[in-house]
>>> print(open('target33.txt').read())   # compact mmCIF, C-alpha atoms
# COMPACT_ATOMS: atom_id res chain seq x y z
CA MET S 1 108.84 56.07 -140.94
CA HIS S 2 110.84 59.26 -140.43
CA THR S 3 114.52 58.50 -139.96
CA GLY S 4 116.07 61.93 -140.35
CA LEU S 5 117.44 60.61 -143.64
CA PHE S 6 115.79 60.29 -147.03
CA HIS S 7 116.61 58.72 -150.38
CA GLU S 8 115.07 57.82 -153.73
CA LEU S 9 116.34 54.23 -153.97
CA ASP S 10 114.05 51.76 -155.72
CA PHE S 11 114.91 48.39 -154.22
CA ALA S 12 112.69 46.52 -156.71
CA ALA S 13 114.18 48.06 -159.86
CA ASN S 14 116.55 46.06 -162.04
CA GLY S 15 119.64 47.73 -163.50
CA LYS S 16 122.20 50.10 -162.00
CA SER S 17 121.39 53.38 -160.29
CA LEU S 18 123.47 55.98 -158.46
CA GLY S 19 121.99 58.22 -155.80
CA TYR S 20 122.43 59.63 -152.33
CA LEU S 21 121.36 59.15 -148.77
CA SER S 22 120.50 62.71 -147.75
CA ILE S 23 120.59 64.04 -144.21
CA PRO S 24 119.36 67.57 -143.47
CA PHE S 25 121.85 69.25 -141.13
CA SER S 26 122.20 72.99 -140.75
CA VAL S 27 125.76 74.38 -140.79
CA ASP S 28 127.07 77.94 -140.46
CA ARG S 29 127.59 78.53 -144.17
CA SER S 30 124.40 76.78 -145.29
CA PRO S 31 121.27 76.60 -143.09
CA TYR S 32 119.53 74.12 -145.43
CA PHE S 33 122.61 71.93 -145.90
CA GLN S 34 122.27 68.21 -146.60
CA VAL S 35 124.91 65.57 -145.92
CA LYS S 36 125.15 63.54 -149.15
CA VAL S 37 126.25 59.89 -148.86
CA PRO S 38 126.72 58.27 -152.30
CA VAL S 39 125.03 54.91 -152.80
CA CYS S 40 124.88 52.55 -155.77
CA ARG S 41 122.26 49.88 -156.38
CA ILE S 42 122.78 47.07 -158.90
CA ARG S 43 120.07 44.46 -159.35
CA ASN S 44 119.45 41.63 -161.75
CA GLY S 45 116.50 39.55 -160.66
CA ALA S 46 116.34 37.23 -157.68
CA GLY S 47 119.51 36.09 -155.96
CA PRO S 48 121.83 36.92 -153.08
CA ARG S 49 121.40 40.30 -151.45
CA VAL S 50 124.77 41.83 -150.59
CA LEU S 51 125.75 45.14 -149.02
CA LEU S 52 129.35 46.34 -149.50
CA MET S 53 130.48 49.34 -147.47
CA ALA S 54 133.69 51.30 -146.91
CA GLY S 55 134.49 54.68 -145.37
CA ASN S 56 132.99 53.69 -142.03
CA HIS S 57 136.15 55.45 -140.89
CA GLY S 58 137.13 58.19 -143.31
CA ASP S 59 140.90 57.66 -143.39
CA GLU S 60 140.78 53.99 -144.44
CA TYR S 61 141.18 53.94 -148.19
CA GLU S 62 141.48 50.42 -149.60
CA GLY S 63 137.77 49.73 -149.51
CA GLU S 64 136.85 53.20 -150.69
CA ILE S 65 139.01 52.86 -153.82
CA ALA S 66 138.02 49.26 -154.59
CA LEU S 67 134.28 49.89 -154.23
CA THR S 68 134.35 52.94 -156.49
CA GLN S 69 136.03 50.74 -159.11
CA LEU S 70 133.41 48.03 -158.61
CA ILE S 71 130.64 50.58 -159.19
CA ARG S 72 132.16 51.55 -162.54
CA ARG S 73 133.03 48.05 -163.71
CA LEU S 74 130.12 45.84 -162.70
CA ALA S 75 127.28 45.69 -165.22
CA PRO S 76 123.86 44.43 -164.06
CA GLU S 77 123.84 41.65 -166.65
CA ALA S 78 127.11 40.30 -165.21
CA MET S 79 125.59 39.62 -161.80
CA CYS S 80 122.70 37.84 -160.12
CA GLY S 81 120.61 39.23 -157.29
CA GLU S 82 121.07 42.55 -155.53
CA LEU S 83 124.11 44.61 -154.60
CA THR S 84 124.11 47.82 -152.57
CA ILE S 85 127.43 49.69 -152.47
CA LEU S 86 128.31 52.47 -150.02
CA PRO S 87 131.89 53.50 -150.90
CA PHE S 88 131.94 56.45 -148.45
CA THR S 89 129.56 55.43 -145.68
CA ASN S 90 130.51 58.25 -143.33
CA ALA S 91 131.03 60.69 -146.20
CA PRO S 92 131.90 63.77 -144.08
CA ALA S 93 134.76 61.83 -142.45
CA VAL S 94 135.98 60.57 -145.84
CA MET S 95 136.08 64.02 -147.39
CA ALA S 96 137.87 65.42 -144.32
CA ALA S 97 140.42 62.53 -144.36
CA ARG S 98 139.55 61.85 -140.74
CA ARG S 99 138.55 58.80 -138.74
CA ARG S 100 135.55 60.65 -137.32
CA SER S 101 133.06 63.03 -138.85
CA PRO S 102 134.02 66.74 -138.67
CA LEU S 103 130.33 67.61 -138.39
CA ASP S 104 129.71 65.88 -135.07
CA GLU S 105 132.96 64.06 -134.12
CA GLY S 106 131.03 60.83 -134.62
CA ASN S 107 132.80 57.48 -134.93
CA LEU S 108 130.31 55.53 -137.06
CA ASN S 109 131.65 52.15 -135.94
CA ARG S 110 130.79 53.05 -132.35
CA ALA S 111 127.43 54.68 -133.13
CA PHE S 112 125.04 51.74 -133.71
CA PRO S 113 122.10 51.38 -133.34
CA GLY S 114 122.04 55.14 -133.80
CA ASP S 115 119.26 57.66 -133.45
CA ALA S 116 116.82 58.74 -136.16
CA SER S 117 116.77 62.31 -134.84
CA GLY S 118 120.40 62.57 -133.76
CA VAL S 119 123.52 64.03 -135.33
CA PRO S 120 124.44 62.89 -138.88
CA THR S 121 126.67 59.97 -137.82
CA SER S 122 123.95 58.67 -135.53
CA ARG S 123 121.33 59.00 -138.27
CA ILE S 124 123.51 57.05 -140.72
CA ALA S 125 123.94 54.27 -138.16
CA HIS S 126 120.21 54.16 -137.49
CA PHE S 127 119.35 53.96 -141.19
CA LEU S 128 121.88 51.19 -141.77
CA GLU S 129 120.72 49.04 -138.87
CA THR S 130 116.98 49.53 -139.28
CA GLN S 131 116.57 49.95 -143.05
CA LEU S 132 119.54 48.75 -145.11
CA PHE S 133 121.03 45.84 -143.16
CA PRO S 134 117.69 43.97 -142.84
CA ARG S 135 117.30 44.07 -146.65
CA HIS S 136 120.52 42.12 -147.18
CA ASP S 137 121.78 38.61 -146.53
CA VAL S 138 125.45 39.57 -146.15
CA VAL S 139 127.11 42.84 -145.06
CA PHE S 140 130.82 43.31 -145.87
CA ASP S 141 132.37 46.31 -144.09
CA LEU S 142 135.92 47.08 -145.29
CA HIS S 143 138.36 48.76 -142.89
CA SER S 144 142.08 49.41 -142.44
CA GLY S 145 144.28 50.75 -139.67
CA GLY S 146 143.69 54.37 -140.56
CA THR S 147 146.14 57.22 -140.24
CA SER S 148 147.69 56.26 -136.91
CA MET S 149 147.97 52.48 -137.10
CA ALA S 150 149.75 49.76 -139.06
CA HIS S 151 147.59 46.65 -139.13
CA LEU S 152 148.10 43.06 -140.14
CA PRO S 153 145.90 42.30 -143.18
CA CYS S 154 143.02 40.25 -141.80
CA ALA S 155 139.33 39.48 -142.13
CA LEU S 156 136.92 39.52 -139.19
CA ILE S 157 133.63 38.05 -138.08
CA GLU S 158 131.70 38.20 -134.83
CA LYS S 159 130.87 35.02 -132.93
CA GLN S 160 127.13 35.64 -132.96
CA GLY S 161 123.90 34.11 -134.14
CA SER S 162 122.98 30.47 -134.49
CA PRO S 163 125.65 27.79 -134.99
CA GLU S 164 124.56 27.53 -138.61
CA THR S 165 124.87 31.28 -139.18
CA PHE S 166 128.29 31.40 -137.52
CA ALA S 167 129.49 28.44 -139.60
CA ARG S 168 128.34 30.19 -142.77
CA ALA S 169 130.11 33.40 -141.78
CA LEU S 170 133.27 31.48 -140.92
CA ALA S 171 133.26 29.70 -144.29
CA LEU S 172 132.75 32.97 -146.17
CA MET S 173 135.55 34.65 -144.21
CA ASP S 174 137.89 31.72 -144.83
CA GLY S 175 137.17 31.97 -148.54
CA LEU S 176 138.23 35.62 -148.86
CA GLY S 177 141.87 34.66 -149.36
CA MET S 178 143.18 36.82 -146.52
CA PRO S 179 146.30 35.61 -144.70
CA PHE S 180 144.72 36.14 -141.25
CA GLY S 181 141.22 36.08 -139.84
CA PHE S 182 139.76 37.24 -136.53
CA VAL S 183 136.92 35.73 -134.56
CA ALA S 184 135.69 38.56 -132.32
CA GLU S 185 133.36 38.31 -129.34
CA ASN S 186 132.18 41.87 -128.69
CA GLY S 187 128.66 40.86 -127.66
CA ALA S 188 125.23 41.27 -129.20
CA ALA S 189 124.82 44.83 -127.91
CA ALA S 190 128.13 46.14 -129.30
CA PRO S 191 127.93 49.52 -131.11
CA THR S 192 129.76 48.19 -134.20
CA SER S 193 128.57 47.52 -137.74
CA MET S 194 129.11 43.77 -137.30
CA ALA S 195 126.93 43.59 -134.20
CA ALA S 196 124.35 45.75 -135.98
CA ALA S 197 124.34 43.39 -138.97
CA ALA S 198 123.75 40.43 -136.65
CA ARG S 199 120.90 42.25 -134.90
CA ALA S 200 119.38 42.91 -138.35
CA GLY S 201 119.56 39.21 -139.28
CA ALA S 202 122.43 39.54 -141.79
CA ILE S 203 125.80 37.81 -141.87
CA GLY S 204 128.45 40.38 -141.09
CA ILE S 205 132.01 40.21 -142.40
CA SER S 206 134.67 42.85 -141.90
CA GLY S 207 138.43 43.16 -142.06
CA GLU S 208 141.51 45.33 -141.88
CA PHE S 209 143.17 45.68 -145.28
CA GLY S 210 146.02 48.13 -144.68
CA GLY S 211 146.91 51.14 -142.59
CA GLY S 212 148.84 54.34 -142.25
CA GLY S 213 146.35 56.49 -144.12
CA THR S 214 147.67 55.17 -147.43
CA VAL S 215 147.37 52.21 -149.78
CA THR S 216 149.99 49.84 -151.19
CA PRO S 217 149.97 47.46 -154.16
CA GLN S 218 149.69 44.58 -151.71
CA SER S 219 146.83 46.05 -149.69
CA MET S 220 144.84 46.92 -152.81
CA ALA S 221 145.43 43.45 -154.30
CA LEU S 222 144.16 41.79 -151.11
CA THR S 223 141.12 44.07 -151.00
CA ARG S 224 140.10 43.52 -154.62
CA ARG S 225 140.59 39.76 -154.33
CA ALA S 226 138.52 39.58 -151.14
CA ILE S 227 135.60 41.47 -152.72
CA ASP S 228 135.60 39.31 -155.83
CA ARG S 229 135.93 36.07 -153.87
CA LEU S 230 133.03 36.96 -151.60
CA LEU S 231 130.76 37.80 -154.54
CA LEU S 232 131.85 34.62 -156.34
CA ALA S 233 131.20 32.48 -153.25
CA LEU S 234 127.72 33.95 -152.83
CA GLY S 235 126.87 33.46 -156.50
CA SER S 236 126.49 37.18 -157.14
CA ILE S 237 128.99 37.05 -160.02
CA ALA S 238 130.38 34.27 -162.20
CA GLU S 239 133.69 35.91 -163.10
CA PRO S 240 136.02 38.25 -161.17
CA VAL S 241 135.26 41.93 -161.72
CA LEU S 242 138.29 43.47 -160.01
CA GLY S 243 140.82 40.79 -161.09
CA PRO S 244 142.85 39.02 -162.28
CA HIS S 245 144.17 37.98 -158.88
CA GLN S 246 147.17 36.18 -157.48
CA PRO S 247 146.51 32.64 -156.20
CA ILE S 248 146.11 32.10 -152.46
CA GLU S 249 149.46 31.14 -150.96
CA GLN S 250 148.39 29.76 -147.57
CA ALA S 251 145.41 28.86 -145.45
CA MET S 252 144.02 31.65 -143.28
CA THR S 253 145.53 31.78 -139.79
CA LEU S 254 142.78 32.31 -137.21
CA LEU S 255 143.39 34.79 -134.39
CA ALA S 256 141.47 36.13 -131.40
CA LEU S 257 141.67 39.35 -129.42
CA GLN S 258 140.08 38.46 -126.08
CA SER S 259 141.78 40.54 -123.41
CA HIS S 260 143.24 44.00 -122.89
CA THR S 261 146.40 42.23 -121.69
CA GLN S 262 147.13 41.44 -125.34
CA ALA S 263 147.90 45.13 -125.89
CA ILE S 264 150.37 47.61 -124.42
CA TYR S 265 148.98 51.07 -123.64
CA ALA S 266 150.78 54.30 -122.88
CA THR S 267 150.21 55.64 -119.37
CA ARG S 268 151.90 59.01 -119.87
CA ARG S 269 153.22 61.26 -122.63
CA GLY S 270 156.16 59.62 -124.42
CA TRP S 271 157.77 58.55 -127.71
CA PHE S 272 157.30 54.93 -128.79
CA GLU S 273 160.03 52.96 -130.55
CA PRO S 274 158.85 49.47 -131.63
CA HIS S 275 161.18 46.48 -131.52
CA VAL S 276 158.97 44.28 -133.73
CA ASP S 277 156.51 44.92 -136.52
CA CYS S 278 153.15 43.51 -137.56
CA GLY S 279 153.29 39.81 -138.36
CA ALA S 280 156.00 38.97 -135.83
CA THR S 281 155.42 35.90 -133.64
CA VAL S 282 156.13 36.76 -130.00
CA GLU S 283 156.02 35.14 -126.57
CA ALA S 284 154.93 36.63 -123.26
CA GLY S 285 157.90 38.48 -121.84
CA ASP S 286 159.45 39.29 -125.22
CA LEU S 287 160.61 42.83 -125.86
CA ALA S 288 157.95 44.90 -127.63
CA GLY S 289 159.81 48.18 -127.82
CA TRP S 290 160.95 51.18 -125.82
CA TYR S 291 159.19 54.25 -124.44
CA HIS S 292 161.25 57.43 -124.41
CA ASP S 293 160.67 60.57 -122.36
CA PHE S 294 162.08 63.61 -124.14
CA GLY S 295 161.37 65.74 -121.09
CA ARG S 296 163.66 63.72 -118.80
CA LEU S 297 166.92 63.26 -120.67
CA GLU S 298 168.69 61.95 -117.58
CA MET S 299 166.41 58.88 -117.41
CA ALA S 300 166.82 55.77 -119.55
CA GLU S 301 163.99 54.69 -121.81
CA ASP S 302 161.47 52.15 -120.50
CA GLU S 303 161.49 48.62 -121.87
CA LEU S 304 158.04 47.45 -122.94
CA ARG S 305 157.37 43.71 -122.87
CA PHE S 306 154.45 41.65 -124.11
CA ALA S 307 152.13 40.16 -121.49
CA ALA S 308 150.68 37.62 -123.93
CA SER S 309 151.96 35.36 -126.69
CA GLY S 310 150.73 35.49 -130.28
CA ILE S 311 151.18 37.39 -133.53
CA VAL S 312 151.61 41.17 -133.62
CA ILE S 313 148.47 42.45 -135.31
CA SER S 314 148.87 46.20 -135.03
CA ARG S 315 151.21 48.92 -133.84
CA ARG S 316 151.03 52.64 -133.45
CA LEU S 317 152.60 54.57 -136.34
CA HIS S 318 152.82 57.92 -134.57
CA THR S 319 155.89 57.88 -132.32
CA ASP S 320 154.62 60.77 -130.19
CA SER S 321 152.04 59.19 -127.85
CA GLU S 322 149.71 60.21 -125.06
CA SER S 323 148.34 58.35 -122.05
CA GLY S 324 145.75 55.85 -123.24
CA ASP S 325 147.19 55.32 -126.73
CA CYS S 326 147.42 51.68 -127.79
CA LEU S 327 151.05 51.16 -128.77
CA ILE S 328 151.09 47.54 -129.95
CA GLN S 329 148.92 44.44 -129.65
CA VAL S 330 149.01 40.74 -130.39
CA GLY S 331 146.39 38.26 -131.54
CA ARG S 332 146.19 34.81 -130.00
CA ARG S 333 146.31 31.89 -132.42
CA LEU S 334 143.20 29.72 -132.74
CA ASP S 335 143.10 26.14 -133.96
CA ARG S 336 141.45 25.97 -137.39
CA ALA S 337 140.36 22.37 -136.77
CA ALA S 338 138.48 23.46 -133.65
CA PHE S 339 136.33 25.63 -135.91
CA GLY S 340 135.79 22.89 -138.48
CA LEU S 341 138.30 24.29 -140.98
CA SER S 342 140.84 22.04 -142.65
>>> encode(input="target33.txt", output="structure tokens")
Amino acid sequence: MHTGLFHELDFAANGKSLGYLSIPFSVDRSPYFQVKVPVCRIRNGAGPRVLLMAGNHGDEYEGEIALTQLIRRLAPEAMCGELTILPFTNAPAVMAARRRSPLDEGNLNRAFPGDASGVPTSRIAHFLETQLFPRHDVVFDLHSGGTSMAHLPCALIEKQGSPETFARALALMDGLGMPFGFVAENGAAAPTSMAAAARAGAIGISGEFGGGGTVTPQSMALTRRAIDRLLLALGSIAEPVLGPHQPIEQAMTLLALQSHTQAIYATRRGWFEPHVDCGATVEAGDLAGWYHDFGRLEMAEDELRFAASGIVISRRLHTDSESGDCLIQVGRRLDRAAFGLS
């Protein structure tokens, strides 16, 4: 089947191979240009089939760095089953240090199920949902807050599929060792990688591992530990590849983002000054920050107050803001016991 994308991957071959997903796309400087998306396949007989991907958004670096290290370090004889690694899934965005692709302004995590004859981002999404995701049991898509956002380190799953599938996804997420976890309900038709994985019959796991268009020792440690723990839990590896790791200090706190009232949005041009940072526990009515108007010096800044209680999960890093920008948001706590977790 023509997908507007071709490759030379041999899914039945044992060993390790590096190659590319290639997308023909004419540009001004090169009429026969091809978008090259690096891909690694590692296989050692029968076993779990796992897809690890980063660079869904180009300016989110923890997963990109950790997966390139995994490619170099993991030998086929040290694993069981199949592993497909896409360290730079939307490669044009990664190489431009942008959230979206400079070739088509495509946001890959809003492009599923894609289009086989569309622009490059849409073709990548189509190939993932129709060709790669169905070949795997688990899809792990690593994110962070990107250039403009600080984000609480957390894992994420979608509340989709059968009760058995959801329970399995929840257990795998809980085992990653992340301090926080999200249970999202975006719906079966959502244009995200997690909804696409569910439509393809795979368990989807995601997460936010940092932010600000940078990495820190803490964010990289959490990312490497999460990757190793997932592969260990699935039986893909018997020993950590990216470790050693610090022990887990606390049980994962479950959170939900269920309403737009959990966020504060700008409604005009202004300059945002936060009062609290990610991780703060807040109540409805608490002060979130101030919104300044540099064009009206005679007017006092606006006080911004939370409309919902919970834990601050993200805040805007860029002070200069426009109408529609999300300034800060909270996640509502969920009861672990209600989800069968101790």
>>> residues_around(input="target33.txt", residues="Tyr20 (chain S)", least_positions_apart="5", cutoff="6 Å", atoms="all atoms listed in the file", output="VMD selection string")
chain S and resid 36 to 39
>>> closest_residue(input="target33.txt", among="S:Ile328, S:Ile65, S:Leu5, S:Leu254", to="Ala155 (chain S)", atoms="all atoms listed in the file")
S:Leu254
>>> atom_distance(input="target33.txt", atom1="CA of Arg99 (chain S)", atom2="CA of Gly213 (chain S)")
9.8 Å
>>> closest_residue(input="target33.txt", among="S:Gly295, S:Glu8, S:Thr165, S:Gly106", to="Gly118 (chain S)", atoms="all atoms listed in the file")
S:Gly106
>>> residues_around(input="target33.txt", residues="Cys278 (chain S)", least_positions_apart="3", cutoff="7 Å", atoms="only C-alpha atoms", output="list in words")
His151, Leu152, Val312, Ile313, Ser314 and Arg315 of chain S
>>> atom_distance(input="target33.txt", atom1="CA of Thr130 (chain S)", atom2="CA of Arg229 (chain S)")
27.4 Å
>>> residues_around(input="target33.txt", residues="Asp137 (chain S)", least_positions_apart="5", cutoff="9 Å", atoms="all atoms listed in the file", output="PyMOL selection string")
chain S and resi 48-51+201-204
>>> closest_residue(input="target33.txt", among="S:Gln258, S:Ser148, S:Asn90, S:Thr121", to="Met53 (chain S)", atoms="all atoms listed in the file")
S:Asn90
>>> residues_near_point(input="target33.txt", point="(130.0, 65.9, -137.0)", cutoff="10 Å", atoms="all atoms listed in the file", output="list in words")
Phe25, Asn90, Pro92, Ala93, Arg100, Ser101, Pro102, Leu103, Asp104, Glu105, Gly106, Asn107, Val119, Pro120, Thr121 and Ser122 of chain S
>>> write_last_selection(input="target33.txt", atoms="C-alpha atoms", output="PDB file, in the frame of the given file")
ATOM      1  CA  PHE S  25     121.850  69.250-141.130  1.00  0.00           C
ATOM      2  CA  ASN S  90     130.510  58.250-143.330  1.00  0.00           C
ATOM      3  CA  PRO S  92     131.900  63.770-144.080  1.00  0.00           C
ATOM      4  CA  ALA S  93     134.760  61.830-142.450  1.00  0.00           C
ATOM      5  CA  ARG S 100     135.550  60.650-137.320  1.00  0.00           C
ATOM      6  CA  SER S 101     133.060  63.030-138.850  1.00  0.00           C
ATOM      7  CA  PRO S 102     134.020  66.740-138.670  1.00  0.00           C
ATOM      8  CA  LEU S 103     130.330  67.610-138.390  1.00  0.00           C
ATOM      9  CA  ASP S 104     129.710  65.880-135.070  1.00  0.00           C
ATOM     10  CA  GLU S 105     132.960  64.060-134.120  1.00  0.00           C
ATOM     11  CA  GLY S 106     131.030  60.830-134.620  1.00  0.00           C
ATOM     12  CA  ASN S 107     132.800  57.480-134.930  1.00  0.00           C
ATOM     13  CA  VAL S 119     123.520  64.030-135.330  1.00  0.00           C
ATOM     14  CA  PRO S 120     124.440  62.890-138.880  1.00  0.00           C
ATOM     15  CA  THR S 121     126.670  59.970-137.820  1.00  0.00           C
ATOM     16  CA  SER S 122     123.950  58.670-135.530  1.00  0.00           C
TER      17      SER S 122
END
>>> residues_around(input="target33.txt", residues="Ala256 (chain S)", least_positions_apart="3", cutoff="8 Å", atoms="only C-alpha atoms", output="ChimeraX atom specification")
/S:182-184,331-334
>>> residues_near_point(input="target33.txt", point="(127.7, 46.3, -144.7)", cutoff="9 Å", atoms="all atoms listed in the file", output="ChimeraX atom specification")
/S:50-54,84-86,128,132-133,136,138-142,193-194,197,204-206
>>> closest_residue(input="target33.txt", among="S:Ala338, S:Ile237, S:Met79, S:Leu327", to="Arg268 (chain S)", atoms="all atoms listed in the file")
S:Leu327
>>> atom_distance(input="target33.txt", atom1="CA of Ile227 (chain S)", atom2="CA of Gly243 (chain S)")
9.9 Å
